[in-house]
Amino acid sequence: MKITEHIKSAQGKALFSFELLPPVKGQSIKHIYDTIDPLMEFNPPFIDVTYHREDYIYKEQPGGLLQKIAYRKRPGTVAICAAIMNRYKVDAVPHLICGGFTKEETENALIDLQFLGIDNVLVLRGDARQTENAFYPTPGGHAYASDLLEHVVDMNQGKYLHDAIDITDQSTFCIGVAGYPEKHFEAPNLETDFKYLKKKVDLGANFIVTQMFFDNRKYLEFVKRCKEYDIHVPIIPGLKPITHSRQLISLPKTFHIDIPVDLSDAVRACKSESDVKEVGIEWLIAQSKELIEIGAPVLHYYTMGNAEPTKRIAEAVF
């Protein structure tokens with residue numbers, strides 16, 4: 001079932017959903033189940049599965065030369081999505097990224113997802129490799145999320161790469177894109193950011209999932225500005241609790257977001273990391289309740305592989 005259909009059938013009631021990290025290479029699917037099991041009582045209609053591009057390691061060879069070797073820390077999402085749908089009977093939403101894939105590999109993955117009966121995808125450019133200071137597209141791959149979006153839209157219209165047959169089935173993917181209430185860090189200004197978001201919606205994006213934020217005024221302003229740009233697709237807020245004091249530094253650095261003064265002061269006043277966790281959970285409970293009151297269609301939680309904080313928040317909110 002498409003995310004837009006889930007939202008429509010909820011008739012204004014806020015839905016609960018969450019995002020998973022694939023297990024690190026070498027871990028079993030049990031790691032995924034241990035994250036999902038505690039959260040199923042809140043009836044998520046869909047579960048996101050992230051994707052991480054390959055990175056490089058350098059191994060010293062005889063004679064001192066370094067060999068550059070590509071590797072992936074985490075497995076791909078196709079098998080994980082299939083396992084989730086089979087076990088829990090909910091929709092799995094795989095992330096599609098530009099980095100690490102040629103256009104042909106992207107199309108092959110989309111065909112596999114279509115065969116599995118997956119109705120939704122979240123289209124992203126993806127991050128730069130850890131070993132690189134900027135994003136560089138894979139040769140023969142897509143450079144921008146809008147290009148990847150167009151590829152999915154083409155398949156929805158029955159247009160495939162290198163068409164060599166007369167009849168092609170149309171896919172029916174419901175396509176999500178990312179939104180940034182506090183601006184994508186590479187955009188020169190908010191106006192440019194909204195213009196690119198508007199372009200994605202005009203190309204065929206069906207819903208938006210936001211970057212995490214801790215001030216609901218940022219979400220409200222983002223929704224307002226979207227309407228001003230004639231963007232009228234569902235806007236799903238992405239949420240994550242602070243659970244450790246070091247996140248006061250790591251979250252702004254990694255995700256280019258602001259931490260409200262009241263929240264950062266409360267965290268700094270804590271005497272232990274367990275106290276920090278309590279502050280972060282209570283903040284997000286209040287934030288979640290307010291988002292429901294202002295009409296957010298879905299509250300989407302970034303679990304980062306740890307279900308316990310999200311479960312406590314959901315118990316207080318849903």
# chains A, B, ... in the order shown; residues from 1 in each chain; ligands from 1

call {"tool": "residues_around", "arguments": {"residues": "Ile80 (chain A)", "least_positions_apart": "5", "cutoff": "8 Å", "atoms": "only C-alpha atoms", "output": "list in words"}}
result
Pro22, Ile29 and Val49 of chain A

call {"tool": "residues_around", "arguments": {"residues": "Leu284 (chain A)", "least_positions_apart": "4", "cutoff": "12 Å", "atoms": "only C-alpha atoms", "output": "number ranges by chain"}}
result
A: 212-216, 238-243, 263, 277-280, 288-291, 299-302, 309-314, 316-317

call {"tool": "atom_distance", "arguments": {"atom1": "CA of Ile259 (chain A)", "atom2": "CA of Trp283 (chain A)"}}
result
11.5 Å

call {"tool": "residues_around", "arguments": {"residues": "His256 (chain A)", "least_positions_apart": "3", "cutoff": "12 Å", "atoms": "only C-alpha atoms", "output": "JSON, numbers by chain"}}
result
{"A": [180, 181, 182, 183, 184, 185, 186, 187, 211, 212, 213, 248, 249, 250, 251, 252, 253, 259]}

call {"tool": "write_last_selection", "arguments": {"atoms": "N, CA and C atoms", "output": "PDB file, in the first residue's frame"}}
result
ATOM      1  N   TYR A 180      14.443  19.606   4.161  1.00  0.00           N
ATOM      2  CA  TYR A 180      15.363  20.118   5.178  1.00  0.00           C
ATOM      3  C   TYR A 180      14.814  21.398   5.797  1.00  0.00           C
ATOM      4  N   PRO A 181      14.095  21.293   6.931  1.00  0.00           N
ATOM      5  CA  PRO A 181      13.546  22.495   7.574  1.00  0.00           C
ATOM      6  C   PRO A 181      14.597  23.546   7.918  1.00  0.00           C
ATOM      7  N   GLU A 182      15.851  23.105   8.094  1.00  0.00           N
ATOM      8  CA  GLU A 182      16.920  24.052   8.426  1.00  0.00           C
ATOM      9  C   GLU A 182      17.922  24.200   7.289  1.00  0.00           C
ATOM     10  N   LYS A 183      17.511  23.825   6.068  1.00  0.00           N
ATOM     11  CA  LYS A 183      18.308  23.966   4.854  1.00  0.00           C
ATOM     12  C   LYS A 183      19.337  22.860   4.706  1.00  0.00           C
ATOM     13  N   HIS A 184      19.402  22.309   3.503  1.00  0.00           N
ATOM     14  CA  HIS A 184      20.471  21.367   3.187  1.00  0.00           C
ATOM     15  C   HIS A 184      21.802  22.113   3.270  1.00  0.00           C
ATOM     16  N   PHE A 185      22.793  21.487   3.860  1.00  0.00           N
ATOM     17  CA  PHE A 185      24.038  22.202   4.138  1.00  0.00           C
ATOM     18  C   PHE A 185      24.774  22.629   2.874  1.00  0.00           C
ATOM     19  N   GLU A 186      24.465  22.018   1.742  1.00  0.00           N
ATOM     20  CA  GLU A 186      25.137  22.400   0.502  1.00  0.00           C
ATOM     21  C   GLU A 186      24.370  23.468  -0.279  1.00  0.00           C
ATOM     22  N   ALA A 187      23.149  23.786   0.145  1.00  0.00           N
ATOM     23  CA  ALA A 187      22.378  24.824  -0.552  1.00  0.00           C
ATOM     24  C   ALA A 187      22.880  26.191  -0.128  1.00  0.00           C
ATOM     25  N   GLN A 211      14.483  16.003   7.445  1.00  0.00           N
ATOM     26  CA  GLN A 211      15.628  15.812   8.332  1.00  0.00           C
ATOM     27  C   GLN A 211      15.156  16.014   9.765  1.00  0.00           C
ATOM     28  N   MET A 212      15.829  15.408  10.715  1.00  0.00           N
ATOM     29  CA  MET A 212      15.448  15.598  12.118  1.00  0.00           C
ATOM     30  C   MET A 212      15.548  17.072  12.509  1.00  0.00           C
ATOM     31  N   PHE A 213      14.736  17.455  13.474  1.00  0.00           N
ATOM     32  CA  PHE A 213      14.757  18.811  14.026  1.00  0.00           C
ATOM     33  C   PHE A 213      14.256  18.720  15.465  1.00  0.00           C
ATOM     34  N   LEU A 248      25.155  16.740  21.504  1.00  0.00           N
ATOM     35  CA  LEU A 248      25.074  18.197  21.378  1.00  0.00           C
ATOM     36  C   LEU A 248      26.089  18.718  20.366  1.00  0.00           C
ATOM     37  N   ILE A 249      27.151  17.971  20.178  1.00  0.00           N
ATOM     38  CA  ILE A 249      28.175  18.328  19.193  1.00  0.00           C
ATOM     39  C   ILE A 249      28.005  17.528  17.902  1.00  0.00           C
ATOM     40  N   SER A 250      27.783  16.218  18.034  1.00  0.00           N
ATOM     41  CA  SER A 250      27.777  15.361  16.846  1.00  0.00           C
ATOM     42  C   SER A 250      26.576  15.597  15.939  1.00  0.00           C
ATOM     43  N   LEU A 251      25.403  15.836  16.499  1.00  0.00           N
ATOM     44  CA  LEU A 251      24.224  16.022  15.654  1.00  0.00           C
ATOM     45  C   LEU A 251      24.303  17.311  14.828  1.00  0.00           C
ATOM     46  N   PRO A 252      24.622  18.464  15.431  1.00  0.00           N
ATOM     47  CA  PRO A 252      24.796  19.659  14.591  1.00  0.00           C
ATOM     48  C   PRO A 252      25.915  19.505  13.566  1.00  0.00           C
ATOM     49  N   LYS A 253      26.988  18.835  13.954  1.00  0.00           N
ATOM     50  CA  LYS A 253      28.119  18.667  13.032  1.00  0.00           C
ATOM     51  C   LYS A 253      27.761  17.759  11.861  1.00  0.00           C
ATOM     52  N   ILE A 259      20.307  22.867  17.918  1.00  0.00           N
ATOM     53  CA  ILE A 259      19.702  22.353  19.150  1.00  0.00           C
ATOM     54  C   ILE A 259      19.152  23.551  19.920  1.00  0.00           C
TER      55      ILE A 259
END

call {"tool": "residues_around", "arguments": {"residues": "Glu107 (chain A)", "least_positions_apart": "3", "cutoff": "9 Å", "atoms": "only C-alpha atoms", "output": "PyMOL selection string"}}
result
chain A and resi 102-104+110-112+151-152+155+160-161

call {"tool": "closest_residue", "arguments": {"among": "A:Ala296, A:Lys195, A:Ser146, A:Gly99", "to": "Thr210 (chain A)", "atoms": "only C-alpha atoms"}}
result
A:Ala296
